[in-house]
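Engineer: Next up is a structure, given as structure tokens.
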Amino acid sequence: MPELPEIETIVRGLAPHLVGRAVCTVRVREPRLRERIAPDFARALVGREIHSLARAGKTVVAGLDDGLRWLVHLGMTGRLTLQGADVAPRPHDHVEIGLDDGRCLVYNDVRRFGRLVVVAPDAVAAEVGLGLEPLGEDARPDVLAARARRRRLSVKAFLMDQRLLVGIGNIYASEILFHAGLRPWRRAGRLSLAEWQRVVAATRHVLEDAIACGGSTISDYRDGFEGFGSYQLRHAVYGRAGEPCVRCATRLRSRVIVGRSSFYCPTCQR
DNA sequence: CGCACCCCCTGCCGGC
DNA sequence: TGCCGGCAGGGGGTGC
């Protein structure tokens with residue numbers, strides 16, 4: 001689910017409400033996530049003030065007043081939402097963080113593929129993925145071309161590899177490659193610089209548009225206040241196999257690439 | 001190195 | 001109606 005635009009939406013929404021707040025209580029109802037929540041997780045958060053809230057790749061990063069970082073990765077179905085005081089727990093509400101204004105930050109996750117951990121600041125990069133931020137200054141066509149040199153992986157696998165770029169997942173990889181006019185299985189190492197320029201332009205365009213729309217709600221995703229995203233209404237190809245291409249009316253197709261469904265227009269993408 | 005194939009977990013949908 | 005297989009935005013490990 002939550003890729004860069006969804007995490008960015010959550011962080012932008014929650015930051016004004018969380019920064020400056022102190023954590024009063026932590027209740028872990030279900031520690032068995034993809035990685036079990038550490039026994040000292042609650043102790044690491046209680047009494048801490050949240051100094052900052054930011055996104056790194058697909059991870060929410062909260063800076064604490066003792067210098068440590070609280071990382072939240074939402075996996076496929078995670079939700080991080082701010083609730084009023086004393087709301088009844090709902091199914092899959094696994095962690096509740098009580099704040100000093102009486103409100104409660106709730107981590108809900110049907111499939112429990114998420115991850116909650118407190119780490120030292122110098123460990124954040126390795127936890128998040130060492131790739132470039134796709135909206136950052138460093139994500140330039142020549143830099144990506146250099147990273148792809150002599151590599152045989154597909155351009156879609158390249159976009160989704162968090163060691164190369166952080167934040168792009170299965171939905172946005174398909175959308176980006178449609179806007180770049182490239183078939184998803186093209187070998188990354190064989191793209192021209194002009195094609196990398198299209199990839200970078202499409203990446204910025206798609207991610208910024210998606211952020212402006214509050215992300216994509218396919219089924220589970222909600223923002224920090226349980227709101228829906230609307231970028232799914234702008235998806236050109238994702239989930240649209242069999243439908244006509246918005247640009248040329250050719251029937252869109254899907255194909256599995258490195259284990260994930262990919263959607264593309266056989267006419268617009270070459 | 002790149003990928004196929006496992007795992008983690010729950011829910012939903014379509015076919016029979 | 002009910003069961004079963006397949007699939008779903010995440011990532012990690014193994015082995016060819």
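To be explicit about the labels: the chains of the structure tokens are called A, B, and onward in the order shown, and within each one the residues are counted from 1, while ligands get numbers from 1 in the order they are shown.
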For chain B, which residues have at least one atom within 7 Å of chain A, if we go by only C-alpha atoms (C1' of nucleotides)? Write them as an MDAnalysis selection string, please.

Structural biologist: chainID B and resid 2:3 8:10

Engineer: Please save C-alpha atoms (C1' of nucleotides) of the selected residues as a CSV table (one decimal), in the first residue's frame.

Structural biologist:
chain,number,residue,atom,x,y,z
B,2,DG,C1',18.8,-11.4,-11.1
B,3,DC,C1',15.0,-13.8,-10.4
B,8,DC,C1',5.4,-13.5,7.2
B,9,DC,C1',-0.7,-12.3,7.7
B,10,DT,C1',-5.7,-11.3,6.9

Engineer: Could the residues of chain C within 8 Å of chain A, counting only C-alpha atoms (C1' of nucleotides), be given as a list of chain:residue names, please?

Structural biologist: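 Written out as asked, the residues are C:DG9, C:DG10, C:DG11.
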
Engineer: Quick one: write out the picked residues with C-alpha atoms (C1' of nucleotides) as a PDB file, in the first residue's frame?

Structural biologist:
ATOM      1  C1'  DG C   9       0.285  -1.445  -1.683  1.00  0.00           C
ATOM      2  C1'  DG C  10       5.472  -4.338   2.050  1.00  0.00           C
ATOM      3  C1'  DG C  11      10.071  -6.769   2.730  1.00  0.00           C
TER       4       DG C  11
END

Engineer: Residues at most 10 Å from stretch 13-16 of chain C, counting only C-alpha atoms (C1' of nucleotides), excluding those fewer than 2 positions away in the same chain, as an NGL selection string?

Structural biologist: :B and (3-7)

Engineer: How about saving the chosen residues, all heavy atoms kept, as an mmCIF file, in the first residue's frame?

Structural biologist:
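Output saved as part33.cif:
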data_model
loop_
_atom_site.group_PDB
_atom_site.id
_atom_site.type_symbol
_atom_site.label_atom_id
_atom_site.label_comp_id
_atom_site.auth_asym_id
_atom_site.auth_seq_id
_atom_site.Cartn_x
_atom_site.Cartn_y
_atom_site.Cartn_z
ATOM 1 P P DC B 3 15.478 -9.404 -12.861
ATOM 2 O OP1 DC B 3 14.952 -8.888 -14.129
ATOM 3 O OP2 DC B 3 15.429 -8.580 -11.635
ATOM 4 O "O5'" DC B 3 14.775 -10.790 -12.567
ATOM 5 C "C5'" DC B 3 15.088 -11.907 -13.370
ATOM 6 C "C4'" DC B 3 14.773 -13.170 -12.609
ATOM 7 O "O4'" DC B 3 15.735 -13.362 -11.544
ATOM 8 C "C3'" DC B 3 13.395 -13.151 -11.937
ATOM 9 O "O3'" DC B 3 12.749 -14.357 -12.249
ATOM 10 C "C2'" DC B 3 13.716 -13.072 -10.450
ATOM 11 C "C1'" DC B 3 15.040 -13.830 -10.408
ATOM 12 N N1 DC B 3 15.841 -13.554 -9.198
ATOM 13 C C2 DC B 3 16.400 -14.643 -8.508
ATOM 14 O O2 DC B 3 16.209 -15.781 -8.936
ATOM 15 N N3 DC B 3 17.137 -14.404 -7.392
ATOM 16 C C4 DC B 3 17.318 -13.152 -6.972
ATOM 17 N N4 DC B 3 18.047 -12.976 -5.881
ATOM 18 C C5 DC B 3 16.761 -12.032 -7.663
ATOM 19 C C6 DC B 3 16.033 -12.275 -8.767
ATOM 20 P P DA B 4 11.160 -14.355 -12.476
ATOM 21 O OP1 DA B 4 10.895 -14.166 -13.911
ATOM 22 O OP2 DA B 4 10.550 -13.459 -11.473
ATOM 23 O "O5'" DA B 4 10.818 -15.852 -12.088
ATOM 24 C "C5'" DA B 4 11.752 -16.878 -12.384
ATOM 25 C "C4'" DA B 4 11.701 -17.932 -11.291
ATOM 26 O "O4'" DA B 4 12.599 -17.553 -10.208
ATOM 27 C "C3'" DA B 4 10.325 -18.106 -10.661
ATOM 28 O "O3'" DA B 4 10.062 -19.497 -10.533
ATOM 29 C "C2'" DA B 4 10.443 -17.408 -9.311
ATOM 30 C "C1'" DA B 4 11.911 -17.612 -8.975
ATOM 31 N N9 DA B 4 12.477 -16.576 -8.117
ATOM 32 C C8 DA B 4 12.350 -15.217 -8.265
ATOM 33 N N7 DA B 4 12.983 -14.523 -7.349
ATOM 34 C C5 DA B 4 13.567 -15.489 -6.541
ATOM 35 C C6 DA B 4 14.376 -15.398 -5.385
ATOM 36 N N6 DA B 4 14.746 -14.245 -4.839
ATOM 37 N N1 DA B 4 14.784 -16.549 -4.825
ATOM 38 C C2 DA B 4 14.405 -17.705 -5.387
ATOM 39 N N3 DA B 4 13.655 -17.919 -6.469
ATOM 40 C C4 DA B 4 13.260 -16.760 -7.005
ATOM 41 P P DC B 5 8.622 -20.012 -10.114
ATOM 42 O OP1 DC B 5 8.409 -21.297 -10.784
ATOM 43 O OP2 DC B 5 7.669 -18.892 -10.284
ATOM 44 O "O5'" DC B 5 8.816 -20.264 -8.559
ATOM 45 C "C5'" DC B 5 9.942 -21.009 -8.101
ATOM 46 C "C4'" DC B 5 10.017 -20.926 -6.588
ATOM 47 O "O4'" DC B 5 10.723 -19.724 -6.199
ATOM 48 C "C3'" DC B 5 8.646 -20.863 -5.916
ATOM 49 O "O3'" DC B 5 8.563 -21.882 -4.940
ATOM 50 C "C2'" DC B 5 8.626 -19.496 -5.251
ATOM 51 C "C1'" DC B 5 10.102 -19.239 -5.029
ATOM 52 N N1 DC B 5 10.433 -17.803 -4.859
ATOM 53 C C2 DC B 5 11.297 -17.419 -3.832
ATOM 54 O O2 DC B 5 11.773 -18.295 -3.103
ATOM 55 N N3 DC B 5 11.582 -16.099 -3.654
ATOM 56 C C4 DC B 5 11.045 -15.195 -4.471
ATOM 57 N N4 DC B 5 11.350 -13.927 -4.266
ATOM 58 C C5 DC B 5 10.168 -15.565 -5.525
ATOM 59 C C6 DC B 5 9.889 -16.870 -5.692
ATOM 60 P P DC B 6 7.156 -22.345 -4.349
ATOM 61 O OP1 DC B 6 6.852 -23.720 -4.737
ATOM 62 O OP2 DC B 6 6.162 -21.260 -4.562
ATOM 63 O "O5'" DC B 6 7.626 -22.419 -2.848
ATOM 64 C "C5'" DC B 6 7.075 -21.620 -1.902
ATOM 65 C "C4'" DC B 6 8.066 -21.375 -0.797
ATOM 66 O "O4'" DC B 6 9.106 -20.486 -1.244
ATOM 67 C "C3'" DC B 6 7.392 -20.653 0.340
ATOM 68 O "O3'" DC B 6 6.847 -21.596 1.241
ATOM 69 C "C2'" DC B 6 8.520 -19.874 0.965
ATOM 70 C "C1'" DC B 6 9.381 -19.518 -0.236
ATOM 71 N N1 DC B 6 9.111 -18.168 -0.806
ATOM 72 C C2 DC B 6 9.649 -17.055 -0.164
ATOM 73 O O2 DC B 6 10.323 -17.235 0.867
ATOM 74 N N3 DC B 6 9.424 -15.817 -0.667
ATOM 75 C C4 DC B 6 8.686 -15.684 -1.773
ATOM 76 N N4 DC B 6 8.512 -14.452 -2.234
ATOM 77 C C5 DC B 6 8.116 -16.806 -2.442
ATOM 78 C C6 DC B 6 8.347 -18.023 -1.928
ATOM 79 P P DC B 7 5.474 -21.243 1.953
ATOM 80 O OP1 DC B 7 5.007 -22.450 2.646
ATOM 81 O OP2 DC B 7 4.611 -20.544 0.974
ATOM 82 O "O5'" DC B 7 5.961 -20.169 3.030
ATOM 83 C "C5'" DC B 7 7.041 -20.496 3.902
ATOM 84 C "C4'" DC B 7 7.461 -19.244 4.630
ATOM 85 O "O4'" DC B 7 8.088 -18.336 3.702
ATOM 86 C "C3'" DC B 7 6.305 -18.443 5.211
ATOM 87 O "O3'" DC B 7 5.944 -18.954 6.465
ATOM 88 C "C2'" DC B 7 6.911 -17.059 5.327
ATOM 89 C "C1'" DC B 7 7.897 -17.009 4.168
ATOM 90 N N1 DC B 7 7.429 -16.193 3.019
ATOM 91 C C2 DC B 7 7.728 -14.833 3.007
ATOM 92 O O2 DC B 7 8.365 -14.353 3.952
ATOM 93 N N3 DC B 7 7.308 -14.072 1.966
ATOM 94 C C4 DC B 7 6.619 -14.641 0.962
ATOM 95 N N4 DC B 7 6.239 -13.851 -0.045
ATOM 96 C C5 DC B 7 6.308 -16.018 0.961
ATOM 97 C C6 DC B 7 6.722 -16.762 2.003
#

Engineer: One decimal, in Å: what's the spacing between atom CA of A:Leu207 and atom CA of A:Gly189?

Structural biologist: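 It comes out at 23.3 Å.
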
Engineer: As an exercise, work out the distance from atom CA of A:Thr81 to atom CA of A:Cys24 in Å and give it to one decimal place.

Structural biologist: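 Spanning atom CA of A:Thr81 to atom CA of A:Cys24 is a straight-line distance of 16.8 Å.
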
Engineer: What's the 10 Å shell around stretch 1-7 of chain C, counting only C-alpha atoms (C1' of nucleotides), without same-chain residues fewer than 2 positions away, as a PyMOL selection string?

Structural biologist: (chain A and resi 261) or (chain B and resi 12-16)

Engineer: Using DSSP on the backbone, list every residue of stretch 28-207 of chain A that comes out as helix (DSSP H, G or I), and give them as a VMD selection string.

Structural biologist: chain A and resid 41 to 45 121 to 128 141 to 148 155 to 160 170 to 180 188 to 190 193 to 207

Engineer: Could the residues in this selection be written to a file with C-alpha atoms, as a PDB file, in the first residue's frame?

Structural biologist:
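Output saved as result.pdb:
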ATOM      1  CA  PHE A  41       9.463  -0.236  22.832  1.00  0.00           C
ATOM      2  CA  ALA A  42       7.035   1.370  25.268  1.00  0.00           C
ATOM      3  CA  ARG A  43       9.849   2.375  27.618  1.00  0.00           C
ATOM      4  CA  ALA A  44      11.679   4.063  24.728  1.00  0.00           C
ATOM      5  CA  LEU A  45       8.668   6.259  23.932  1.00  0.00           C
ATOM      6  CA  PRO A 121      19.884   8.380  14.182  1.00  0.00           C
ATOM      7  CA  ASP A 122      22.878   6.897  12.397  1.00  0.00           C
ATOM      8  CA  ALA A 123      20.925   3.677  11.835  1.00  0.00           C
ATOM      9  CA  VAL A 124      17.993   5.323  10.073  1.00  0.00           C
ATOM     10  CA  ALA A 125      19.445   5.269   6.565  1.00  0.00           C
ATOM     11  CA  ALA A 126      20.124   1.545   6.649  1.00  0.00           C
ATOM     12  CA  GLU A 127      16.651   0.850   8.039  1.00  0.00           C
ATOM     13  CA  VAL A 128      14.889   2.956   5.434  1.00  0.00           C
ATOM     14  CA  PRO A 141      19.140  11.215 -15.066  1.00  0.00           C
ATOM     15  CA  ASP A 142      22.923  10.861 -15.242  1.00  0.00           C
ATOM     16  CA  VAL A 143      23.085   9.525 -11.689  1.00  0.00           C
ATOM     17  CA  LEU A 144      20.411   6.896 -12.314  1.00  0.00           C
ATOM     18  CA  ALA A 145      22.036   5.940 -15.608  1.00  0.00           C
ATOM     19  CA  ALA A 146      25.330   5.449 -13.776  1.00  0.00           C
ATOM     20  CA  ARG A 147      23.680   3.271 -11.138  1.00  0.00           C
ATOM     21  CA  ALA A 148      22.045   1.170 -13.852  1.00  0.00           C
ATOM     22  CA  VAL A 155      13.617  -0.724 -15.192  1.00  0.00           C
ATOM     23  CA  LYS A 156      10.578  -1.534 -13.044  1.00  0.00           C
ATOM     24  CA  ALA A 157      12.685  -3.584 -10.636  1.00  0.00           C
ATOM     25  CA  PHE A 158      15.182  -0.717 -10.633  1.00  0.00           C
ATOM     26  CA  LEU A 159      12.528   1.831  -9.624  1.00  0.00           C
ATOM     27  CA  MET A 160      11.222  -0.426  -6.853  1.00  0.00           C
ATOM     28  CA  ASN A 170       4.227  -1.375  -7.283  1.00  0.00           C
ATOM     29  CA  ILE A 171       1.517   1.191  -8.029  1.00  0.00           C
ATOM     30  CA  TYR A 172       3.747   4.154  -8.770  1.00  0.00           C
ATOM     31  CA  ALA A 173       6.325   2.127 -10.707  1.00  0.00           C
ATOM     32  CA  SER A 174       3.627   1.210 -13.238  1.00  0.00           C
ATOM     33  CA  GLU A 175       2.301   4.780 -13.373  1.00  0.00           C
ATOM     34  CA  ILE A 176       5.775   6.302 -13.773  1.00  0.00           C
ATOM     35  CA  LEU A 177       6.695   3.970 -16.626  1.00  0.00           C
ATOM     36  CA  PHE A 178       3.471   4.787 -18.442  1.00  0.00           C
ATOM     37  CA  HIS A 179       4.244   8.498 -18.222  1.00  0.00           C
ATOM     38  CA  ALA A 180       7.833   7.825 -19.287  1.00  0.00           C
ATOM     39  CA  ALA A 188      17.696  -0.673 -16.907  1.00  0.00           C
ATOM     40  CA  GLY A 189      21.284  -0.873 -18.120  1.00  0.00           C
ATOM     41  CA  ARG A 190      20.198  -0.369 -21.714  1.00  0.00           C
ATOM     42  CA  LEU A 193      20.211   9.121 -21.198  1.00  0.00           C
ATOM     43  CA  ALA A 194      17.178  10.616 -22.952  1.00  0.00           C
ATOM     44  CA  GLU A 195      15.084   7.742 -21.598  1.00  0.00           C
ATOM     45  CA  TRP A 196      16.427   8.297 -18.075  1.00  0.00           C
ATOM     46  CA  GLN A 197      15.472  11.946 -18.465  1.00  0.00           C
ATOM     47  CA  ARG A 198      11.920  10.814 -19.194  1.00  0.00           C
ATOM     48  CA  VAL A 199      11.997   8.478 -16.183  1.00  0.00           C
ATOM     49  CA  VAL A 200      13.111  11.275 -13.859  1.00  0.00           C
ATOM     50  CA  ALA A 201      10.560  13.742 -15.248  1.00  0.00           C
ATOM     51  CA  ALA A 202       7.759  11.172 -15.018  1.00  0.00           C
ATOM     52  CA  THR A 203       8.781  10.215 -11.483  1.00  0.00           C
ATOM     53  CA  ARG A 204       8.588  13.812 -10.282  1.00  0.00           C
ATOM     54  CA  HIS A 205       5.369  14.475 -12.117  1.00  0.00           C
ATOM     55  CA  VAL A 206       3.582  11.351 -10.874  1.00  0.00           C
ATOM     56  CA  LEU A 207       4.778  11.532  -7.258  1.00  0.00           C
TER      57      LEU A 207
END

Engineer: Would you pick out the contacts of A:Cys248 at 10 Å or less, using only C-alpha atoms (C1' of nucleotides), so that residues sharing its chain but fewer than 3 positions from it are not included, and give the list as a list in words?

Structural biologist: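 Residues near the query, excluding close chain neighbours: Pro244, Cys245, Arg251, Leu252, Cys265, Thr267 and Cys268 of chain A.
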